[in-house]
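J.: Below is target_27.csv; it holds CSV, C-alpha atoms.
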chain,number,residue,atom,x,y,z
A,1,MET,CA,65.9,60.4,66.7
A,2,LYS,CA,64.1,61.3,63.6
A,3,LYS,CA,63.8,58.4,61.1
A,4,VAL,CA,64.5,58.8,57.4
A,5,TYR,CA,61.4,56.9,56.4
A,6,LEU,CA,62.6,55.1,53.3
A,7,SER,CA,59.6,53.4,51.7
A,8,LEU,CA,61.5,51.1,49.4
A,9,ILE,CA,58.4,49.8,47.6
A,10,SER,CA,60.0,49.3,44.2
A,11,LEU,CA,63.7,48.7,43.7
A,12,LEU,CA,65.3,48.8,40.3
A,13,ALA,CA,68.3,46.7,39.3
A,14,VAL,CA,70.3,48.0,36.4
A,15,SER,CA,73.3,46.4,34.7
A,16,GLY,CA,75.7,48.4,32.6
A,17,PHE,CA,76.0,45.5,30.1
A,18,ALA,CA,74.2,42.2,29.4
A,19,ASP,CA,76.5,40.9,32.2
A,20,PRO,CA,76.8,41.5,35.1
A,21,VAL,CA,73.3,40.9,36.4
A,22,VAL,CA,71.9,42.4,39.6
A,23,SER,CA,68.9,40.8,41.2
A,24,ASN,CA,67.0,40.3,44.5
A,25,ILE,CA,67.5,43.8,45.9
A,26,ARG,CA,66.1,44.6,49.3
A,27,ALA,CA,66.7,47.4,51.7
A,28,SER,CA,65.9,48.3,55.3
A,29,GLN,CA,66.7,51.2,57.7
A,30,ARG,CA,68.5,50.2,60.8
A,31,GLU,CA,66.4,50.8,63.9
A,32,ASN,CA,67.1,54.1,65.7
A,33,THR,CA,69.6,55.1,63.0
A,34,LYS,CA,69.8,56.9,59.7
A,35,LEU,CA,71.7,54.0,58.1
A,36,VAL,CA,70.1,52.1,55.2
A,37,ASP,CA,71.3,48.6,54.5
A,38,ILE,CA,70.9,47.5,50.9
A,39,LEU,CA,71.3,43.8,50.0
A,40,TYR,CA,71.5,42.4,46.5
A,41,ASP,CA,72.8,39.5,44.4
A,42,VAL,CA,75.1,39.9,41.5
A,43,SER,CA,76.5,37.5,38.9
A,44,TYR,CA,79.0,38.0,36.1
A,45,VAL,CA,80.0,35.4,33.6
A,46,GLY,CA,83.2,37.3,32.7
A,47,GLY,CA,84.8,37.0,36.1
A,48,SER,CA,84.5,37.0,39.9
A,49,ASN,CA,84.6,40.8,40.4
A,50,VAL,CA,82.4,43.7,39.3
A,51,SER,CA,82.3,47.5,39.7
A,52,VAL,CA,79.2,48.7,41.6
A,53,THR,CA,77.6,52.1,42.1
A,54,CYS,CA,74.3,53.1,43.7
A,55,GLU,CA,71.8,55.9,43.2
A,56,VAL,CA,68.8,57.1,45.2
A,57,SER,CA,65.5,58.5,43.9
A,58,THR,CA,62.7,60.2,45.9
A,59,ASN,CA,60.2,60.1,43.1
A,60,SER,CA,59.7,56.5,42.2
A,61,GLY,CA,62.7,56.6,39.8
A,62,ALA,CA,61.6,59.5,37.6
A,63,SER,CA,65.0,60.9,38.5
A,64,TYR,CA,67.7,59.9,40.8
A,65,ASP,CA,67.7,63.2,42.6
A,66,VAL,CA,69.5,62.6,45.9
A,67,SER,CA,73.1,63.6,46.0
A,68,ALA,CA,74.0,60.3,47.7
A,69,GLU,CA,77.7,59.8,48.1
A,70,HIS,CA,78.2,58.2,51.5
A,71,PHE,CA,78.0,54.5,50.6
A,72,SER,CA,80.1,51.9,52.3
A,73,GLY,CA,80.3,48.1,52.6
A,74,THR,CA,81.9,45.3,50.6
A,75,GLY,CA,79.1,45.5,48.0
A,76,TYR,CA,80.1,49.0,46.8
A,77,GLY,CA,83.1,50.1,44.8
A,78,VAL,CA,85.3,48.9,42.0
A,79,MET,CA,86.3,45.4,43.2
A,80,VAL,CA,83.0,43.8,44.5
A,81,THR,CA,83.1,40.0,44.6
A,82,THR,CA,80.1,38.5,42.8
A,83,GLY,CA,77.6,36.4,44.8
A,84,ALA,CA,74.5,36.6,47.0
A,85,ASP,CA,73.8,39.1,49.7
A,86,ARG,CA,76.3,41.8,48.7
A,87,LEU,CA,75.9,44.7,51.2
A,88,ILE,CA,75.8,48.4,50.7
A,89,THR,CA,75.2,50.7,53.6
A,90,TRP,CA,73.9,54.2,52.8
A,91,ASN,CA,74.4,57.0,55.4
A,92,ALA,CA,71.2,58.9,54.7
A,93,GLY,CA,71.9,61.0,57.8
A,94,ILE,CA,74.7,62.7,56.0
A,95,ASP,CA,73.2,62.8,52.4
A,96,TRP,CA,69.5,63.3,53.1
A,97,ASP,CA,69.0,64.3,56.8
A,98,GLU,CA,65.6,65.3,58.1
A,99,ASN,CA,63.9,64.4,54.8
A,100,TYR,CA,60.9,62.2,54.1
A,101,SER,CA,59.5,60.4,51.1
A,102,GLU,CA,57.2,57.4,50.5
A,103,THR,CA,58.3,56.9,46.9
A,104,MET,CA,62.0,56.0,47.3
A,105,LYS,CA,63.9,53.9,44.8
A,106,VAL,CA,67.4,52.6,44.7
A,107,ARG,CA,69.2,51.9,41.5
A,108,ILE,CA,72.3,49.6,41.6
A,109,THR,CA,74.5,49.5,38.6
A,110,ALA,CA,77.0,46.7,38.1
A,111,GLU,CA,79.6,46.8,35.4
A,112,ALA,CA,82.7,44.9,34.2
A,113,PRO,CA,85.4,45.6,36.8
A,114,ARG,CA,87.7,48.5,36.5
A,115,PHE,CA,90.6,46.5,38.2
A,116,THR,CA,91.7,43.0,37.8
A,117,ASP,CA,93.8,41.3,40.4
A,118,ASN,CA,96.3,39.2,38.4
A,119,GLY,CA,97.2,37.0,41.4
A,120,ASP,CA,100.9,37.7,41.1
A,121,GLY,CA,101.2,40.9,43.1
A,122,SER,CA,100.0,43.1,40.2
A,123,ILE,CA,96.7,44.9,39.4
A,124,THR,CA,95.5,45.8,35.9
A,125,ASP,CA,93.5,49.0,35.5
A,126,ASN,CA,91.1,48.0,32.6
A,127,GLU,CA,90.3,51.7,32.0
A,128,THR,CA,93.8,52.8,31.2
A,129,GLY,CA,95.7,49.7,30.3
A,130,LEU,CA,98.2,50.3,33.1
A,131,MET,CA,99.4,47.5,35.4
A,132,TRP,CA,100.3,48.6,39.0
A,133,GLN,CA,102.0,46.7,41.8
A,134,LYS,CA,99.3,45.8,44.3
A,135,ILE,CA,101.6,46.9,47.2
A,136,ALA,CA,102.0,50.7,46.7
A,137,LYS,CA,105.5,50.9,48.0
A,138,VAL,CA,108.7,49.8,46.3
A,139,ASN,CA,111.3,50.9,48.8
A,140,ASP,CA,111.8,52.8,52.1
A,141,TYR,CA,110.5,56.4,52.3
A,142,VAL,CA,114.0,57.7,53.0
A,143,SER,CA,115.3,56.7,49.6
A,144,SER,CA,116.5,59.0,46.8
A,145,PHE,CA,114.9,59.2,43.4
A,146,GLN,CA,117.6,57.0,41.9
A,147,SER,CA,117.1,54.2,44.4
A,148,ILE,CA,113.3,54.3,44.1
A,149,SER,CA,113.6,54.3,40.3
A,150,THR,CA,115.9,51.3,40.4
A,151,ALA,CA,113.7,49.5,42.8
A,152,ALA,CA,110.7,50.0,40.5
A,153,ALA,CA,112.6,48.6,37.5
A,154,SER,CA,113.7,45.6,39.5
A,155,TYR,CA,110.2,44.1,39.2
A,156,GLY,CA,111.0,43.1,35.6
A,157,THR,CA,110.8,44.3,32.0
A,158,GLY,CA,108.7,47.4,31.6
A,159,TRP,CA,108.3,48.2,35.2
A,160,ARG,CA,109.1,51.8,36.1
A,161,LEU,CA,107.9,54.8,38.2
A,162,PRO,CA,104.6,56.4,37.0
A,163,THR,CA,104.3,59.8,35.5
A,164,ARG,CA,102.3,62.3,37.4
A,165,GLU,CA,99.4,61.9,34.8
A,166,GLU,CA,99.4,58.1,35.5
A,167,TYR,CA,99.0,58.7,39.2
A,168,GLN,CA,96.2,61.2,38.4
A,169,SER,CA,94.4,58.5,36.4
A,170,LEU,CA,93.7,56.8,39.7
A,171,ARG,CA,92.6,60.0,41.5
A,172,GLU,CA,89.2,60.3,43.1
A,173,LEU,CA,89.1,63.6,45.1
A,174,GLY,CA,87.2,63.7,48.3
A,175,ARG,CA,88.5,60.3,49.4
A,176,THR,CA,91.5,59.5,51.7
A,177,PRO,CA,93.6,58.2,50.1
A,178,ALA,CA,92.4,59.8,46.8
A,179,LEU,CA,91.8,56.5,45.1
A,180,PRO,CA,88.6,54.9,43.8
A,181,ALA,CA,86.2,53.4,46.4
A,182,GLY,CA,87.0,49.7,47.0
A,183,HIS,CA,90.4,49.9,45.2
A,184,PRO,CA,92.5,46.8,45.5
A,185,PHE,CA,95.8,48.4,46.4
A,186,GLU,CA,97.6,47.8,49.7
A,187,ASN,CA,100.1,49.6,51.9
A,188,ILE,CA,99.3,53.1,50.7
A,189,GLN,CA,101.9,55.4,52.1
A,190,SER,CA,101.4,58.9,53.6
A,191,GLY,CA,103.3,61.8,52.1
A,192,ILE,CA,104.5,62.2,48.5
A,193,TYR,CA,105.4,59.7,45.8
A,194,TRP,CA,108.1,60.1,43.2
A,195,THR,CA,107.0,60.4,39.6
A,196,SER,CA,109.1,60.0,36.4
A,197,SER,CA,107.9,63.4,35.1
A,198,LEU,CA,110.8,65.8,34.8
A,199,MET,CA,110.1,69.3,35.9
A,200,TYR,CA,113.5,70.9,35.2
A,201,VAL,CA,116.8,70.0,33.6
A,202,GLY,CA,119.7,72.4,34.1
A,203,GLY,CA,123.4,71.7,34.3
A,204,ASN,CA,123.8,68.6,36.5
A,205,SER,CA,120.3,69.1,38.0
A,206,LEU,CA,117.3,66.8,37.3
A,207,LEU,CA,114.2,67.8,39.2
A,208,TYR,CA,111.2,65.5,39.2
A,209,GLN,CA,107.6,66.2,40.0
A,210,VAL,CA,105.9,64.5,42.9
A,211,TYR,CA,102.4,63.3,43.6
A,212,ASN,CA,100.5,63.0,46.9
A,213,VAL,CA,98.4,59.8,46.8
A,214,ILE,CA,96.6,60.8,50.0
A,215,THR,CA,95.3,64.2,48.8
A,216,GLY,CA,95.4,63.7,45.1
A,217,GLU,CA,97.6,66.7,44.6
A,218,GLY,CA,100.7,67.0,42.4
A,219,GLY,CA,103.6,69.1,43.3
A,220,ASP,CA,106.6,70.7,41.7
A,221,LEU,CA,108.9,71.3,44.7
A,222,ASN,CA,111.1,68.3,45.0
A,223,TYR,CA,114.7,67.5,44.3
A,224,GLN,CA,116.7,64.5,43.1
A,225,TYR,CA,117.6,63.4,46.5
A,226,GLN,CA,114.5,64.3,48.5
A,227,ALA,CA,113.0,61.5,50.5
A,228,ALA,CA,109.7,60.2,49.0
A,229,ASN,CA,107.8,57.0,48.4
A,230,GLY,CA,107.6,55.0,45.2
A,231,TRP,CA,105.1,52.9,43.3
A,232,ALA,CA,105.8,50.7,40.2
A,233,VAL,CA,103.7,50.6,37.0
A,234,LYS,CA,104.0,49.4,33.5
A,235,SER,CA,102.0,50.0,30.3
A,236,LEU,CA,100.2,47.1,28.7
A,237,TYR,CA,99.6,48.9,25.4
Can I see the file as structure tokens?

T.:
Amino acid sequence: MKKVYLSLISLLAVSGFADPVVSNIRASQRENTKLVDILYDVSYVGGSNVSVTCEVSTNSGASYDVSAEHFSGTGYGVMVTTGADRLITWNAGIDWDENYSETMKVRITAEAPRFTDNGDGSITDNETGLMWQKIAKVNDYVSSFQSISTAAASYGTGWRLPTREEYQSLRELGRTPALPAGHPFENIQSGIYWTSSLMYVGGNSLLYQVYNVITGEGGDLNYQYQAANGWAVKSLY
């Protein structure tokens, strides 16, 4: 099996702000594979989680020219726990197969976290000011729009079904489900989710748009009593 030959001579740590701080980066290619394990330490005085991305350069950091997308591990994504020996695994066999360079660099960027786990079953999206239920299901799939809407409101003041645009604020296409890497949400359902976005009002008919959390696609073909999933959200500002 051909090796990727990553000569990680100089690794650059970058923080998006004064805090968080990334340090002690080291990397190695797994023997007889095209997987690269990247370890680093990260600290953040503002909390216990950070958002982490990774870039790869073939020219000593003059540019980060590899279209590297296939990262995994608990050290990558939007809810990385701070501490030592955070792990990112890069699948160079997909992103950079049959290539060679002796001037590789890796850049790790840690920023204030996008999501905050509030410890009460809710998650705050710091980018949008929306608070979501951590469990992405408010009732059974066979429920009607009205029962799902009532279930979402039962969480308390301000809780409701999201609009389609609010669902789309979480969208990251190319992932399954279509949510940010390392997202903190649980119990993601297959199929469509109700939105509170009206598509049509006519006579006694109220037709609501839907959203597919798995594919990241919106849809217009649904009816007031069609079976679908539900999620609860509320605006903080």

J.: Taking all atoms listed in the file into account, which of A:Gly230, A:Gly121, A:Pro162, A:Gly77 comes nearest Thr89 in chain A?

T.: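 Answer, going by the shortest atom-to-atom distance: A:Gly77.
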
J.: Write out as a PyMOL selection string which residues come within 12 Å of Val213 in chain A when counting all atoms listed in the file, dropping same-chain ones fewer than 6 positions away.

T.: chain A and resi 136-137+164+166-180+185+187-195+219+228-231

J.: Env of range 64-71 of chain A: 9 Å cut, atoms = all atoms listed in the file, seq-sep filter 5 positions within chain, self excluded. Answer as a PyMOL selection string.

T.: chain A and resi 53-59+76-77+88-92+94-96+105-107

J.: Could you check how far CA of Ser23 in chain A sits from CA of Ala84 in chain A, in Å to one decimal?

T.: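 Calculated distance between CA of Ser23 in chain A and CA of Ala84 in chain A is 9.1 Å.
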
J.: Of the residues A:Thr81, A:Thr163, A:Ser28, A:Ser63, which is the one nearest to Val42 in chain A, using all atoms listed in the file?

T.: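 Counting all atoms listed in the file, the residue closest to Val42 in chain A is A:Thr81.
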
J.: For a test of reading the model, state the distance in Å between CA of Ala181 in chain A and CA of Val78 in chain A, rounded to one decimal.

T.: 6.4 Å

J.: When you count all atoms listed in the file, which of these residues is closest to Leu236 in chain A: A:Thr116, A:Thr103, A:Thr124, A:Ser72?

T.: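 Among the listed residues, the smallest separation from Leu236 in chain A belongs to A:Thr124.
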